[in-house]
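Asks: Got a structure for you, target_11.tsv, holding TSV, C-alpha atoms.
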```tsv
chain	number	residue	atom	x	y	z
M	1	MET	CA	-60.71	41.33	106.79
M	2	SER	CA	-60.56	37.69	107.87
M	3	ARG	CA	-56.76	37.89	107.49
M	4	PHE	CA	-56.52	40.28	110.44
M	5	ALA	CA	-56.27	38.56	113.83
M	6	SER	CA	-58.22	40.15	116.64
M	7	GLY	CA	-59.12	39.52	120.22
M	8	VAL	CA	-62.61	38.30	121.06
M	9	THR	CA	-64.96	40.18	123.35
M	10	VAL	CA	-68.57	40.03	124.41
M	11	VAL	CA	-70.16	43.47	124.44
M	12	THR	CA	-73.07	43.70	126.87
M	13	ALA	CA	-75.73	46.24	127.75
M	14	ALA	CA	-78.84	46.31	129.93
M	15	ARG	CA	-82.14	48.08	129.51
M	16	GLY	CA	-84.26	47.76	132.64
M	17	ASP	CA	-84.08	44.09	133.64
M	18	GLN	CA	-83.31	42.97	130.07
M	19	ARG	CA	-79.71	42.07	129.23
M	20	PHE	CA	-78.23	42.07	125.75
M	21	GLY	CA	-74.90	40.86	124.45
M	22	MET	CA	-73.01	39.78	121.38
M	23	THR	CA	-69.58	38.51	120.38
M	24	VAL	CA	-67.50	41.36	118.97
M	25	SER	CA	-64.02	41.37	117.48
M	26	SER	CA	-64.22	44.98	116.27
M	27	PHE	CA	-62.89	46.48	119.51
M	28	VAL	CA	-59.94	48.80	120.00
M	29	SER	CA	-58.37	51.09	122.55
M	30	VAL	CA	-58.60	54.70	121.37
M	31	SER	CA	-57.05	56.82	124.12
M	32	ILE	CA	-55.29	56.42	127.46
M	33	GLU	CA	-56.24	59.86	128.83
M	34	PRO	CA	-59.16	59.86	129.02
M	35	PRO	CA	-59.49	56.08	128.75
M	36	LEU	CA	-61.55	55.54	125.58
M	37	VAL	CA	-62.42	52.39	123.63
M	38	LEU	CA	-64.56	51.77	120.59
M	39	VAL	CA	-66.77	48.93	119.43
M	40	CYS	CA	-68.66	48.55	116.17
M	41	ILE	CA	-72.21	47.16	116.35
M	42	ALA	CA	-74.65	46.49	113.49
M	43	LYS	CA	-77.48	49.02	113.57
M	44	ASN	CA	-80.21	46.38	113.27
M	45	LEU	CA	-79.30	44.53	116.50
M	46	GLN	CA	-80.98	44.78	119.90
M	47	THR	CA	-77.60	45.35	121.56
M	48	HIS	CA	-77.18	48.46	119.40
M	49	ALA	CA	-80.57	49.81	120.48
M	50	ALA	CA	-79.83	49.11	124.17
M	51	ILE	CA	-76.46	50.91	124.02
M	52	GLU	CA	-77.94	53.86	122.19
M	53	GLU	CA	-80.83	54.16	124.66
M	54	THR	CA	-78.92	53.62	127.93
M	55	ARG	CA	-75.68	55.27	126.76
M	56	ALA	CA	-73.65	52.52	128.44
M	57	PHE	CA	-72.00	49.20	127.61
M	58	ALA	CA	-69.38	46.77	128.86
M	59	VAL	CA	-66.61	45.04	126.96
M	60	ASN	CA	-65.81	41.60	128.38
M	61	ILE	CA	-62.46	40.36	127.06
M	62	LEU	CA	-62.52	36.59	126.62
M	63	GLY	CA	-59.77	34.16	127.53
M	64	ILE	CA	-58.93	30.90	125.80
M	65	HIS	CA	-61.14	29.04	128.28
M	66	GLN	CA	-64.22	30.89	126.96
M	67	LEU	CA	-64.65	29.60	123.42
M	68	ASP	CA	-68.10	28.25	124.35
M	69	LEU	CA	-69.10	31.73	125.54
M	70	ALA	CA	-67.88	33.30	122.29
M	71	LEU	CA	-70.00	30.82	120.32
M	72	ARG	CA	-73.01	31.44	122.58
M	73	PHE	CA	-72.95	35.22	122.10
M	74	ALA	CA	-72.23	34.85	118.37
M	75	GLY	CA	-75.60	33.09	118.05
M	76	MET	CA	-73.98	29.73	117.32
M	77	LYS	CA	-75.79	27.95	120.18
M	78	PRO	CA	-79.41	28.05	118.92
M	79	GLU	CA	-80.55	25.64	121.63
M	80	LEU	CA	-80.15	28.42	124.22
M	81	SER	CA	-83.34	30.39	124.77
M	82	HIS	CA	-81.41	33.33	126.21
M	83	ARG	CA	-77.67	34.01	125.99
M	84	PHE	CA	-77.34	34.88	129.69
M	85	VAL	CA	-78.95	31.66	131.01
M	86	GLY	CA	-76.72	30.09	133.67
M	87	LEU	CA	-74.04	32.76	133.24
M	88	SER	CA	-72.55	34.42	136.30
M	89	CYS	CA	-72.55	38.19	135.87
M	90	SER	CA	-72.21	41.22	138.07
M	91	THR	CA	-73.52	44.69	137.32
M	92	GLY	CA	-71.14	47.50	136.46
M	93	LEU	CA	-71.39	51.11	137.60
M	94	THR	CA	-73.20	51.89	134.35
M	95	GLY	CA	-75.70	49.04	134.80
M	96	ALA	CA	-74.10	46.96	132.04
M	97	PRO	CA	-73.54	43.24	132.74
M	98	LEU	CA	-69.95	42.22	133.51
M	99	ILE	CA	-69.20	38.56	132.79
M	100	ASP	CA	-67.55	37.34	135.98
M	101	ASP	CA	-65.14	34.82	134.44
M	102	SER	CA	-63.77	37.06	131.66
M	103	ILE	CA	-60.07	37.87	131.76
M	104	ALA	CA	-61.06	41.55	131.97
M	105	SER	CA	-64.18	43.70	131.78
M	106	LEU	CA	-64.40	47.39	130.87
M	107	ASP	CA	-67.47	49.28	132.07
M	108	CYS	CA	-68.10	52.19	129.68
M	109	ARG	CA	-70.26	55.30	129.39
M	110	LEU	CA	-71.10	56.18	125.83
M	111	GLN	CA	-69.19	59.27	124.74
M	112	ALA	CA	-69.92	59.39	121.01
M	113	ILE	CA	-71.66	57.56	118.17
M	114	HIS	CA	-70.30	57.71	114.62
M	115	ASP	CA	-71.83	56.39	111.44
M	116	GLY	CA	-70.07	53.35	110.05
M	117	GLY	CA	-72.31	52.26	107.18
M	118	ASP	CA	-74.51	49.42	108.42
M	119	HIS	CA	-72.73	49.63	111.80
M	120	ALA	CA	-72.44	52.30	114.45
M	121	ILE	CA	-69.08	53.10	115.96
M	122	PHE	CA	-69.63	53.49	119.68
M	123	VAL	CA	-66.89	55.31	121.59
M	124	GLY	CA	-67.05	54.72	125.32
M	125	GLU	CA	-65.18	56.20	128.25
M	126	VAL	CA	-63.99	53.46	130.58
M	127	VAL	CA	-65.37	54.28	134.04
M	128	ALA	CA	-64.19	51.05	135.67
M	129	ALA	CA	-61.92	48.15	134.70
M	130	HIS	CA	-61.93	44.71	136.26
M	131	ILE	CA	-59.19	42.13	135.74
M	132	SER	CA	-60.09	38.66	136.94
M	133	ARG	CA	-57.84	36.11	135.21
M	134	ASP	CA	-54.28	35.97	133.98
M	135	GLU	CA	-54.43	33.83	130.86
M	136	PRO	CA	-54.01	34.31	127.13
M	137	ALA	CA	-56.81	36.02	125.24
M	138	LEU	CA	-59.04	34.17	122.79
M	139	LEU	CA	-58.25	35.22	119.21
M	140	TYR	CA	-60.15	35.07	115.93
M	141	HIS	CA	-58.28	34.79	112.64
M	142	ASN	CA	-59.26	33.57	109.18
M	143	ARG	CA	-62.62	32.28	110.49
M	144	LEU	CA	-60.89	30.19	113.17
M	145	TRP	CA	-60.76	30.56	116.96
M	146	GLN	CA	-57.15	30.60	118.11
M	147	ARG	CA	-54.71	31.31	120.92
M	148	ALA	CA	-51.55	33.38	120.68
M	149	VAL	CA	-48.17	31.70	120.56
M	150	THR	CA	-45.17	33.59	121.89
M	151	ILE	CA	-42.47	34.27	119.31
M	152	GLU	CA	-39.04	35.30	120.46
M	153	PRO	CA	-37.80	38.31	118.48
M	154	PRO	CA	-34.46	37.86	116.75
M	155	THR	CA	-31.51	39.45	118.47
M	156	ALA	CA	-30.01	42.47	116.76
M	157	PRO	CA	-26.52	41.95	115.37
M	158	ARG	CA	-23.84	43.54	117.50
M	159	GLU	CA	-21.68	46.28	116.12
M	160	LEU	CA	-18.04	45.34	115.77
M	161	PRO	CA	-15.54	47.59	117.63
```
What would the structure in this file look like if it were written as structure tokens?
Replies:
Amino acid sequence: MSRFASGVTVVTAARGDQRFGMTVSSFVSVSIEPPLVLVCIAKNLQTHAAIEETRAFAVNILGIHQLDLALRFAGMKPELSHRFVGLSCSTGLTGAPLIDDSIASLDCRLQAIHDGGDHAIFVGEVVAAHISRDEPALLYHNRLWQRAVTIEPPTAPRELP
């Protein structure tokens, strides 16, 4: 699966005054009408329990300027006592934290949970979308953090008269 490039997100949830979040690359748009997305979260994580209990989550799509944030929420910054320390967030309609500097945030109400082995597949209806930056998305491919490079498609040969 490391051969498949994906965008990088931080999925967040809140339970009372506690906030939870983790770096997630297993995110996809499911439907335009109604607007549905899915994320896959390991069943043994606190973020999973918070989403299941509150029936809400946010997907914060990271830009190339947010590699440090991706590492933080992936648990690769062990010196941080809490992943949200010093991070500017607002609260979505669902109560889920929205990371202010993300290129986009999707505030979601949980619509369905499906079994996915050691993960749960959470399908959420997007109740609000926030776009804050216009920059390329952060990508993850082959265990490396990357940015997209534009490739011009070849021109189709013209038919001769």
Asks: I'd like the neighbourhood of stretch 88-97 of chain M as a list in words, where a residue qualifies if any of its atoms comes within 9 Å (using all atoms listed in the file), though same-chain residues fewer than 6 positions away should be ignored.
Replies: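 Counting only the stated atoms, we get Val11, Thr12, Ala13, Ala14, Arg15, Gly16, Arg19, Phe20, Gly21, Thr54, Arg55, Ala56, Phe57, Ala58, Leu106, Asp107, Cys108, Arg109, Val127 and Ala128 of chain M.
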Asks: Keeping only C-alpha atoms, write the selected residues to a file as a compact mmCIF listing (two decimals), keeping the file's coordinate frame.
Replies:
```txt
# COMPACT_ATOMS: atom_id res chain seq x y z
CA VAL M 11 -70.16 43.47 124.44
CA THR M 12 -73.07 43.70 126.87
CA ALA M 13 -75.73 46.24 127.75
CA ALA M 14 -78.84 46.31 129.93
CA ARG M 15 -82.14 48.08 129.51
CA GLY M 16 -84.26 47.76 132.64
CA ARG M 19 -79.71 42.07 129.23
CA PHE M 20 -78.23 42.07 125.75
CA GLY M 21 -74.90 40.86 124.45
CA THR M 54 -78.92 53.62 127.93
CA ARG M 55 -75.68 55.27 126.76
CA ALA M 56 -73.65 52.52 128.44
CA PHE M 57 -72.00 49.20 127.61
CA ALA M 58 -69.38 46.77 128.86
CA LEU M 106 -64.40 47.39 130.87
CA ASP M 107 -67.47 49.28 132.07
CA CYS M 108 -68.10 52.19 129.68
CA ARG M 109 -70.26 55.30 129.39
CA VAL M 127 -65.37 54.28 134.04
CA ALA M 128 -64.19 51.05 135.67
```
Asks: Tell me which protein, DNA and RNA residues are within 12 Å of M:Asn44, counting all atoms listed in the file, leaving out same-chain ones fewer than 2 positions away, and put them as a list in words.
Replies: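 Neighbouring residues, sequence-local ones excluded: Ile41, Ala42, Gln46, Thr47, His48, Ala49, Ala50, Glu52, Gly117, Asp118, His119 and Ala120 of chain M.
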Asks: With all atoms listed in the file as the counted atoms, please give the residues lying no more than 7 Å from stretch 23-37 of chain M, apart from itself and same-chain residues fewer than 3 positions off, as a ChimeraX atom specification.
Replies: /M:6-11,40,70,73-74,123-126
Asks: For the atom pair atom CA of M:Leu69 and atom CA of M:Ile131, what is the interatomic distance in Å to one decimal place?
Replies: 17.6 Å
Asks: May I ask which of the residues M:His65, M:Arg3, M:Arg158, M:Arg72 is the closest one to M:Pro136, counting only C-alpha atoms?
Replies: M:His65
Asks: Using all atoms listed in the file, can you tell me which of M:Leu38, M:Ala137, M:Val85, M:Leu71 comes closest to M:Gly116?
Replies: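 Among M:Leu38, M:Ala137, M:Val85, M:Leu71, it is M:Leu38 that comes nearest to M:Gly116.
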Asks: Nearest to M:Gln146 among M:Ala112, M:Leu62, M:Ile99, M:Leu87, with distances taken over all atoms listed in the file: which residue is it?
Replies: M:Leu62
Asks: Could you check the closest approach to M:Ile51 for each of M:Leu80, M:Gly63, M:Ala104, M:Gln111 and tell me which residue wins, using all atoms listed in the file?
Replies: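 Distance minimum relative to M:Ile51 lands on M:Gln111.
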Asks: By how many Å are atom CA of M:His130 and atom CA of M:Ser81 apart?
Replies: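 Taking atom CA of M:His130 as the start and atom CA of M:Ser81 as the end point, the length is 28.2 Å.
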Asks: With only C-alpha atoms as the atoms that count, which of M:Ala5, M:Met22, M:Ala148, M:Ala156 lies nearest to M:Arg83?
Replies: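 Among M:Ala5, M:Met22, M:Ala148, M:Ala156, it is M:Met22 that comes nearest to M:Arg83.
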Asks: Between atom CA of M:Ser102 and atom CA of M:Ile121, what is the distance, to one decimal in Å?
Replies: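 That distance, rounded to one decimal, is 23.1 Å.
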Asks: Could you check the closest approach to M:Val149 for each of M:Phe122, M:Glu79, M:Arg133, M:Ile64 and tell me which residue wins, using all atoms listed in the file?
Replies: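 Smallest separation from M:Val149 among the options: M:Ile64.
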